[in-house]
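K.L.:
First, the structure itself, so that you have it in front of you.
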Amino acid sequence: MHSRIAQIRLVSSHPEVYEPCDDSFALVDALLADRNHIIEHNPKLCMEIGCGSGYVITSLALMLKEDVQGVHYIATDMNPHAIKVTSETLEAHGVHVELINTDISSGLDLRLAGLVDLMVVNPPYVPTPEDEVGREGIAASWAGGENGRSVIDKILPIADKLLSENGWLYLVTLTANNPRELCIQMGEKGYSSRIVVQRSTEEESLQIIKFCRDKTLLQVDRETFMESLVSKFSFWKSGNENSQ
């Protein structure tokens, strides 16, 4: 299975489309690390917000192709060039995904509300001036505004609406995005969280966080939840420092 993912070919490219890089590879590695759990989860609707070159959604579809039947895949991107490149990547690997040229999930909220079993997002997370957020072209794929959170903070409430009763979200974050705060916010909405992959490069420290709907969290008092989260992030921080 790992070799199949490694053989993904980018048969198309465009100067205005973000090509796979460390964050893309880390997200796919997180999905691979969690593959057996995903198969047990048996998702019927998988969605990627911001598909770019199509590397991640193609990897996910190939990963589940033989073991999970009847899956419908949807991928969105506000960049029409990304939709074209993703389409050609998918076609080269014999994978079908419904592609929609839209911003996040605009126009799809009513159709998909409460139905998405698995969502993957590599958002624009790089801290930039706010006026760079949402511009046309490739800059929109990384410009995240103040603390890199402008787009992430728009996506998470939408994900909450679209995810199914047992929905999972895999999100790429940067240390500058304050992932602990993201986990607190999602925990208050009833999501458990854990880092599946943590990776440091010369330029950034990435965390792929998995959020899962967990009804029991809604019954836990805030103090207990905070104590658990602080302990978890202290462990992550220590592990990251020891690995450098």
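If you're wondering about the labels, chains in the structure tokens are A, B, ... by order shown, residues count from 1 in each chain, ligands from 1 in order shown.
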Near Gly107 in chain A, within 12 Å and counting only C-alpha atoms, which residues show up once chain neighbours fewer than 6 positions away are dropped, as a PyMOL selection string?

P.N.:
chain A and resi 76+100-101+113+158

K.L.:
Considering only helix (DSSP H, G or I) as DSSP defines it on the backbone, what residues of range 12-218 of chain A qualify? List them as a PyMOL selection string.

P.N.:
chain A and resi 22-33+35-41+55-64+80-92+109-112+130-132+138-141+146-148+152-162+175-177+179-188+215-218

K.L.:
Which polymer residues have any atom within 12 Å of an atom of His37 in chain A, counting only C-alpha atoms, with same-chain residues fewer than 4 positions away left out, as a ChimeraX atom specification?

P.N.:
/A:30-33,41-43,64,67-68,118,168,196,210,212

K.L.:
Can you spit out the residues from that selection as a CSV table (one decimal), in the first residue's frame, using N, CA, C and O atoms?

P.N.:
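Result file part31.csv:
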```csv
chain,number,residue,atom,x,y,z
A,30,ALA,N,-0.1,10.8,7.6
A,30,ALA,CA,-1.0,10.7,8.7
A,30,ALA,C,-2.2,9.8,8.4
A,30,ALA,O,-2.6,8.9,9.2
A,31,LEU,N,-2.6,9.9,7.1
A,31,LEU,CA,-3.7,9.0,6.7
A,31,LEU,C,-3.2,7.6,6.6
A,31,LEU,O,-3.9,6.6,7.0
A,32,LEU,N,-2.0,7.4,6.1
A,32,LEU,CA,-1.4,6.1,6.1
A,32,LEU,C,-1.2,5.5,7.5
A,32,LEU,O,-1.5,4.3,7.7
A,33,ALA,N,-0.8,6.3,8.4
A,33,ALA,CA,-0.6,5.8,9.8
A,33,ALA,C,-1.9,5.4,10.4
A,33,ALA,O,-1.9,4.5,11.2
A,41,HIS,N,-13.5,2.5,10.3
A,41,HIS,CA,-14.5,3.6,10.3
A,41,HIS,C,-15.5,3.5,9.2
A,41,HIS,O,-16.6,4.0,9.3
A,42,ASN,N,-15.0,2.9,8.1
A,42,ASN,CA,-15.9,2.7,6.9
A,42,ASN,C,-16.6,3.9,6.4
A,42,ASN,O,-17.8,4.0,6.3
A,43,PRO,N,-15.9,4.9,6.0
A,43,PRO,CA,-16.5,6.2,5.5
A,43,PRO,C,-17.2,6.0,4.2
A,43,PRO,O,-16.7,5.3,3.3
A,64,LEU,N,-7.9,3.5,0.1
A,64,LEU,CA,-9.2,2.8,0.5
A,64,LEU,C,-9.8,2.0,-0.6
A,64,LEU,O,-10.8,1.2,-0.3
A,67,ASP,N,-10.4,-1.8,0.1
A,67,ASP,CA,-10.9,-2.2,1.4
A,67,ASP,C,-12.2,-1.5,1.9
A,67,ASP,O,-12.9,-2.0,2.8
A,68,VAL,N,-12.5,-0.4,1.3
A,68,VAL,CA,-13.8,0.2,1.6
A,68,VAL,C,-14.6,0.5,0.4
A,68,VAL,O,-14.2,1.2,-0.5
A,118,LEU,N,-15.4,11.7,6.6
A,118,LEU,CA,-14.0,11.9,6.7
A,118,LEU,C,-13.6,13.1,5.9
A,118,LEU,O,-13.9,13.2,4.7
A,168,TRP,N,-14.8,12.5,11.1
A,168,TRP,CA,-13.4,12.7,11.4
A,168,TRP,C,-12.8,13.8,10.5
A,168,TRP,O,-13.2,13.9,9.3
A,196,VAL,N,-1.5,13.1,14.9
A,196,VAL,CA,-1.2,11.8,14.2
A,196,VAL,C,0.2,11.9,13.7
A,196,VAL,O,1.0,10.9,13.9
A,210,LYS,N,-6.0,15.1,14.2
A,210,LYS,CA,-7.2,14.4,13.9
A,210,LYS,C,-8.3,14.8,14.9
A,210,LYS,O,-8.1,14.6,16.1
A,212,CYS,N,-12.2,14.1,16.1
A,212,CYS,CA,-13.3,13.1,16.0
A,212,CYS,C,-14.4,13.5,16.9
A,212,CYS,O,-14.2,13.9,18.0
```

K.L.:
Name the closest residue to His93 in chain A among the candidates A:Ser164, A:Glu16, A:Arg9, A:Pro157; distances are taken between atoms, counting only C-alpha atoms.

P.N.:
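Residue with the minimum atom-to-atom distance to His93 in chain A: A:Arg9.
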
K.L.:
What does the distance between CA of Leu60 in chain A and CA of Asp22 in chain A come to in Å, to one decimal place?

P.N.:
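Here the two named atoms are 16.7 Å from each other.
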
K.L.:
Measure the distance from CA of Ala82 in chain A to CA of Ile49 in chain A in Å and round it to one decimal.

P.N.:
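So the answer is 11.7 Å.
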
K.L.:
Between A:Ser141, A:Asn122, A:Ser192, A:Ser205, which is the closest to Asn79 in chain A once you count only C-alpha atoms?

P.N.:
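So, comparing all the options, the nearest one is A:Ser141.
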
K.L.:
Compare A:Ser53, A:Thr175, A:Asn36, A:Ser59 by their minimum atom-to-atom distance to Lys84 in chain A, counting only C-alpha atoms, and give me the closest one.

P.N.:
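Among the listed residues, A:Ser53 lies closest to Lys84 in chain A.
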
K.L.:
Using backbone DSSP assignments, extract all strand (DSSP E or B) residues from chain A; output them as a ChimeraX atom specification.

P.N.:
/A:45-49,72-77,98-101,116-121,126,143,163-174,191-200,205-213

K.L.:
Could you tell me which of A:Val116, A:Met47, A:Val17, A:Ile104 comes closest to Leu163 in chain A if we count only C-alpha atoms?

P.N.:
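Looking only at the distances to Leu163 in chain A, the closest residue turns out to be A:Val116.
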
K.L.:
Need the shell around Asp153 in chain A: protein/DNA/RNA residues with any atom at most 12 Å away, counting only C-alpha atoms. Skip same-chain ones fewer than 6 positions apart. Format as a ChimeraX atom specification?

P.N.:
/A:104,123-125,144-147,159-160,171,173,177-179,181-182,185-186

K.L.:
Pick the closest to Glu48 in chain A from A:Tyr170, A:Tyr191, A:Phe211, A:Phe25: which is it, counting only C-alpha atoms?

P.N.:
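Closest to Glu48 in chain A, using only C-alpha atoms: A:Tyr170.
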
K.L.:
Rounded to one decimal place, report the CA of His14 in chain A-CA of Ala26 in chain A distance in Å.

P.N.:
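CA of Ala26 in chain A lies at a distance of 22.2 Å from CA of His14 in chain A.
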